[in-house]
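Student: Quick one: this structure, given as structure tokens, is what I'll be asking you about.
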Amino acid sequence: MGKSSKDKRDAYYRLAKEQGWRARSAFKLLQLDEEFNLFENVTRVVDLCAAPGSWSQVLSRVLIKGEKFGRCAWQDREAKFRQHMLNVVPSDEAPEQEKPAAEDVSPKEEPKPRKDVKIVSIDLQPISPLPGIITLRADITHPATVPLLLKALDPDYDPETMNQQASQPVDLVISDGAPDVTGLHDLDIYVQSQLLFAALNLALCVLKPGGKFVAKIFRGRNVDLLYAQLKIFFEKVYVAKPRSSRASSVEAFIVCINFQPPEGFKASLEEPLGVGSRLPTMMADRNAVAPITAPVLMQNHETGTWDVTPERTQTADEHGIYEVEVDDLSTEPRDKDIRWIAPFVACGDLSAFDSDASYKLPDDHVSLDPVQPPTAPPYKRAIELRRAHGGAYGKPPGK
Ligand code: SAM
């Protein structure tokens, strides 16, 4: 797909280049922040799987430069962009949409840089420098990354004498990690879940009580079990879909608020969560300490009907969500199998671009180059080989 065609089909790709973001992912974080006010009272942040660095750019602009995005500045920018595109109207393939409103007259706020900001960004790929941000090239699934991160957060950290808990803990851990997608759906979901557990294990080592954790997930089977597991550590767990994330993609983000580790819990990479029985045991313990007070929804496999067991009385949480148990042949609920349905939040203003629509561009549209081409893409070698052998239709190597 050519740059111009991509500009047409992907409004956020085009918008990212216009606004100077290294990747369209920046809008996902901005839209999550719009909904959850992620950066409120935040000064210390870890950005996992951060290359090429658009989330780190957002952190830099909000925390270091003190720019205000949220519901004013970012929509203001977008309204201006739309106006600049004159009559950006959907292309013939896209459903008819209302013409965007003219200028959004949100109040402009003076930037207010925050004090004592610390941002550490990590990726397997090199991240081009960003002023004020510490970047590390490391694998988040590797145990050696923890001391690297702790040292970056606190130069006095000494792995010989200190444990794996940050002495200067952080307010927010964000992770946009994605493996190279193979197209084998179950395998992709599995690898993504391993990245998520690696991110969670790192977050548990560095978060301060009350902190927040945001991470990309692929919604697959058993994702409700993951939500229940996260509820062990966080008071609130949401699953959010920003408008800039394509509706057709299984991608979503978990937003975990108010880190409250269970009493006596110590993060340990010798015993990471996601492998072994530590997490299931904690789930069982939690359910034993605070038994579920909801009636349990159970499927009768003979009749296929769903029944509510009357033994347990019900209290829904503030969103009217109940604990749900499925797939049980017996009439006795099995606490260890308890799953939990997290509230689903679609975020991003409705007036924002639809990431699944194509938009017609003005005739004089000039396609810009990406702000930050990949520094060391995994496909670099393949491109070099192809060029060396005369392009896509050239001689295969060795012939
Ligand atoms: N949030 C980034 C931004 O705004 O520019 C985009 C992140 S991109 C979607 C996913 C990143 O995950 C890739 O840069 C990839 O290198 C990184 N990644 C995948 N597996 C990783 C791992 N095991 N450790 C560190 N980074 C990893």
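We name chains A, B, ... following the order of the structure tokens; residues begin at 1 in each chain, and ligands are numbered from 1 as shown.
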Near A:Val191, counting only C-alpha atoms, which residues have an atom at most 12 Å away, once you skip same-chain residues fewer than 3 positions from it, shown as a list in words?

Tutor: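 My list of contacting residues is Thr141, Gly177, Ala178, Pro179, Asp180, Val181, Thr182, Gly183, Leu184, His185, Asp186, Leu187, Asp188, Gln194, Leu195, Leu196, Phe197, Ala198, Ile217, Phe218 and Gly220 of chain A.
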
Student: Taking only C-alpha atoms and all ligand atoms into account, which residues are within 6 Å of ligand 1, as a PDB file with N, CA, C and O atoms, in the first residue's frame?

Tutor:
```
ATOM      1  N   ALA A  23       4.224   7.346  15.936  1.00  0.00           N
ATOM      2  CA  ALA A  23       3.331   6.252  15.518  1.00  0.00           C
ATOM      3  C   ALA A  23       1.897   6.671  15.821  1.00  0.00           C
ATOM      4  O   ALA A  23       1.643   7.496  16.700  1.00  0.00           O
ATOM      5  N   SER A  25      -0.113   4.996  17.353  1.00  0.00           N
ATOM      6  CA  SER A  25      -0.483   4.508  18.696  1.00  0.00           C
ATOM      7  C   SER A  25      -0.649   5.651  19.694  1.00  0.00           C
ATOM      8  O   SER A  25      -1.337   5.503  20.697  1.00  0.00           O
ATOM      9  N   ALA A  26       0.002   6.799  19.424  1.00  0.00           N
ATOM     10  CA  ALA A  26      -0.103   7.930  20.352  1.00  0.00           C
ATOM     11  C   ALA A  26      -1.570   8.242  20.648  1.00  0.00           C
ATOM     12  O   ALA A  26      -1.935   8.545  21.792  1.00  0.00           O
ATOM     13  N   CYS A  49       7.785  -1.793  26.052  1.00  0.00           N
ATOM     14  CA  CYS A  49       7.574  -2.055  24.621  1.00  0.00           C
ATOM     15  C   CYS A  49       7.284  -0.723  23.924  1.00  0.00           C
ATOM     16  O   CYS A  49       6.221  -0.532  23.323  1.00  0.00           O
ATOM     17  N   ALA A  50       8.231   0.179  24.016  1.00  0.00           N
ATOM     18  CA  ALA A  50       7.966   1.586  23.738  1.00  0.00           C
ATOM     19  C   ALA A  50       8.351   2.056  22.335  1.00  0.00           C
ATOM     20  O   ALA A  50       7.984   3.158  21.943  1.00  0.00           O
ATOM     21  N   ALA A  51       9.115   1.252  21.580  1.00  0.00           N
ATOM     22  CA  ALA A  51       9.573   1.733  20.261  1.00  0.00           C
ATOM     23  C   ALA A  51       8.413   1.771  19.259  1.00  0.00           C
ATOM     24  O   ALA A  51       7.503   0.941  19.360  1.00  0.00           O
ATOM     25  N   PRO A  52       8.397   2.685  18.334  1.00  0.00           N
ATOM     26  CA  PRO A  52       9.381   3.746  18.082  1.00  0.00           C
ATOM     27  C   PRO A  52       9.308   4.898  19.075  1.00  0.00           C
ATOM     28  O   PRO A  52      10.198   5.733  19.098  1.00  0.00           O
ATOM     29  N   GLY A  53       8.251   4.978  19.886  1.00  0.00           N
ATOM     30  CA  GLY A  53       8.305   5.962  20.968  1.00  0.00           C
ATOM     31  C   GLY A  53       7.172   6.970  21.010  1.00  0.00           C
ATOM     32  O   GLY A  53       7.302   8.000  21.659  1.00  0.00           O
ATOM     33  N   SER A  54       6.024   6.651  20.369  1.00  0.00           N
ATOM     34  CA  SER A  54       4.963   7.674  20.382  1.00  0.00           C
ATOM     35  C   SER A  54       4.318   7.795  21.767  1.00  0.00           C
ATOM     36  O   SER A  54       3.931   8.879  22.183  1.00  0.00           O
ATOM     37  N   TRP A  55       4.222   6.681  22.520  1.00  0.00           N
ATOM     38  CA  TRP A  55       3.669   6.792  23.879  1.00  0.00           C
ATOM     39  C   TRP A  55       4.640   7.598  24.746  1.00  0.00           C
ATOM     40  O   TRP A  55       4.222   8.407  25.567  1.00  0.00           O
ATOM     41  N   ASP A 123      12.462  -1.224  25.167  1.00  0.00           N
ATOM     42  CA  ASP A 123      12.013  -2.017  24.009  1.00  0.00           C
ATOM     43  C   ASP A 123      13.157  -2.917  23.538  1.00  0.00           C
ATOM     44  O   ASP A 123      14.334  -2.658  23.809  1.00  0.00           O
ATOM     45  N   LEU A 124      12.766  -3.968  22.821  1.00  0.00           N
ATOM     46  CA  LEU A 124      13.764  -4.832  22.166  1.00  0.00           C
ATOM     47  C   LEU A 124      14.494  -4.045  21.091  1.00  0.00           C
ATOM     48  O   LEU A 124      15.677  -4.270  20.835  1.00  0.00           O
ATOM     49  N   GLN A 125      13.772  -3.146  20.446  1.00  0.00           N
ATOM     50  CA  GLN A 125      14.344  -2.330  19.374  1.00  0.00           C
ATOM     51  C   GLN A 125      14.925  -1.047  19.970  1.00  0.00           C
ATOM     52  O   GLN A 125      14.415  -0.559  20.978  1.00  0.00           O
ATOM     53  N   ALA A 138      16.038  -3.700  25.883  1.00  0.00           N
ATOM     54  CA  ALA A 138      16.002  -4.942  26.664  1.00  0.00           C
ATOM     55  C   ALA A 138      14.723  -5.714  26.369  1.00  0.00           C
ATOM     56  O   ALA A 138      13.760  -5.169  25.831  1.00  0.00           O
ATOM     57  N   ASP A 139      14.749  -6.980  26.768  1.00  0.00           N
ATOM     58  CA  ASP A 139      13.601  -7.868  26.567  1.00  0.00           C
ATOM     59  C   ASP A 139      12.798  -7.899  27.872  1.00  0.00           C
ATOM     60  O   ASP A 139      13.331  -8.300  28.917  1.00  0.00           O
ATOM     61  N   ILE A 140      11.551  -7.496  27.818  1.00  0.00           N
ATOM     62  CA  ILE A 140      10.785  -7.418  29.078  1.00  0.00           C
ATOM     63  C   ILE A 140      10.468  -8.795  29.657  1.00  0.00           C
ATOM     64  O   ILE A 140      10.061  -8.909  30.801  1.00  0.00           O
ATOM     65  N   THR A 141      10.651  -9.847  28.857  1.00  0.00           N
ATOM     66  CA  THR A 141      10.373 -11.185  29.393  1.00  0.00           C
ATOM     67  C   THR A 141      11.623 -11.774  30.067  1.00  0.00           C
ATOM     68  O   THR A 141      11.571 -12.873  30.616  1.00  0.00           O
ATOM     69  N   ASP A 176       2.537  -1.369  25.628  1.00  0.00           N
ATOM     70  CA  ASP A 176       1.844  -1.494  24.340  1.00  0.00           C
ATOM     71  C   ASP A 176       2.451  -2.676  23.581  1.00  0.00           C
ATOM     72  O   ASP A 176       2.497  -2.689  22.359  1.00  0.00           O
ATOM     73  N   GLY A 177       2.958  -3.640  24.334  1.00  0.00           N
ATOM     74  CA  GLY A 177       3.722  -4.738  23.736  1.00  0.00           C
ATOM     75  C   GLY A 177       2.911  -5.554  22.759  1.00  0.00           C
ATOM     76  O   GLY A 177       1.762  -5.882  23.007  1.00  0.00           O
ATOM     77  N   ALA A 178       3.545  -5.855  21.635  1.00  0.00           N
ATOM     78  CA  ALA A 178       2.903  -6.731  20.660  1.00  0.00           C
ATOM     79  C   ALA A 178       3.985  -7.578  20.018  1.00  0.00           C
ATOM     80  O   ALA A 178       5.028  -7.055  19.641  1.00  0.00           O
ATOM     81  N   PRO A 179       3.752  -8.881  19.916  1.00  0.00           N
ATOM     82  CA  PRO A 179       4.739  -9.717  19.226  1.00  0.00           C
ATOM     83  C   PRO A 179       4.571  -9.521  17.722  1.00  0.00           C
ATOM     84  O   PRO A 179       3.600  -8.915  17.280  1.00  0.00           O
TER      85      PRO A 179
END
```

Student: From the set A:Asn258, A:Ala342, A:Gln164, A:Arg278, which residue has the shortest atom-to-atom contact distance to A:Leu202, counting only C-alpha atoms?

Tutor: A:Gln164

Student: From the set A:Ala199, A:Leu148, A:Ala247, A:Val120, which residue has the shortest atom-to-atom contact distance to A:Leu273, counting only C-alpha atoms?

Tutor: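 Among the listed residues, A:Ala199 lies closest to A:Leu273.
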
Student: Output as a PyMOL selection string all residues of stretch 77-245 of chain A that backbone DSSP marks as strand (DSSP E or B).

Tutor: chain A and resi 89-90+118-123+133-137+170-175+207-218+234-242

Student: Interatomic distance between atom CA of A:Ala357 and atom CA of A:Lys28?

Tutor: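 Atom CA of A:Lys28 lies at a distance of 16.4 Å from atom CA of A:Ala357.
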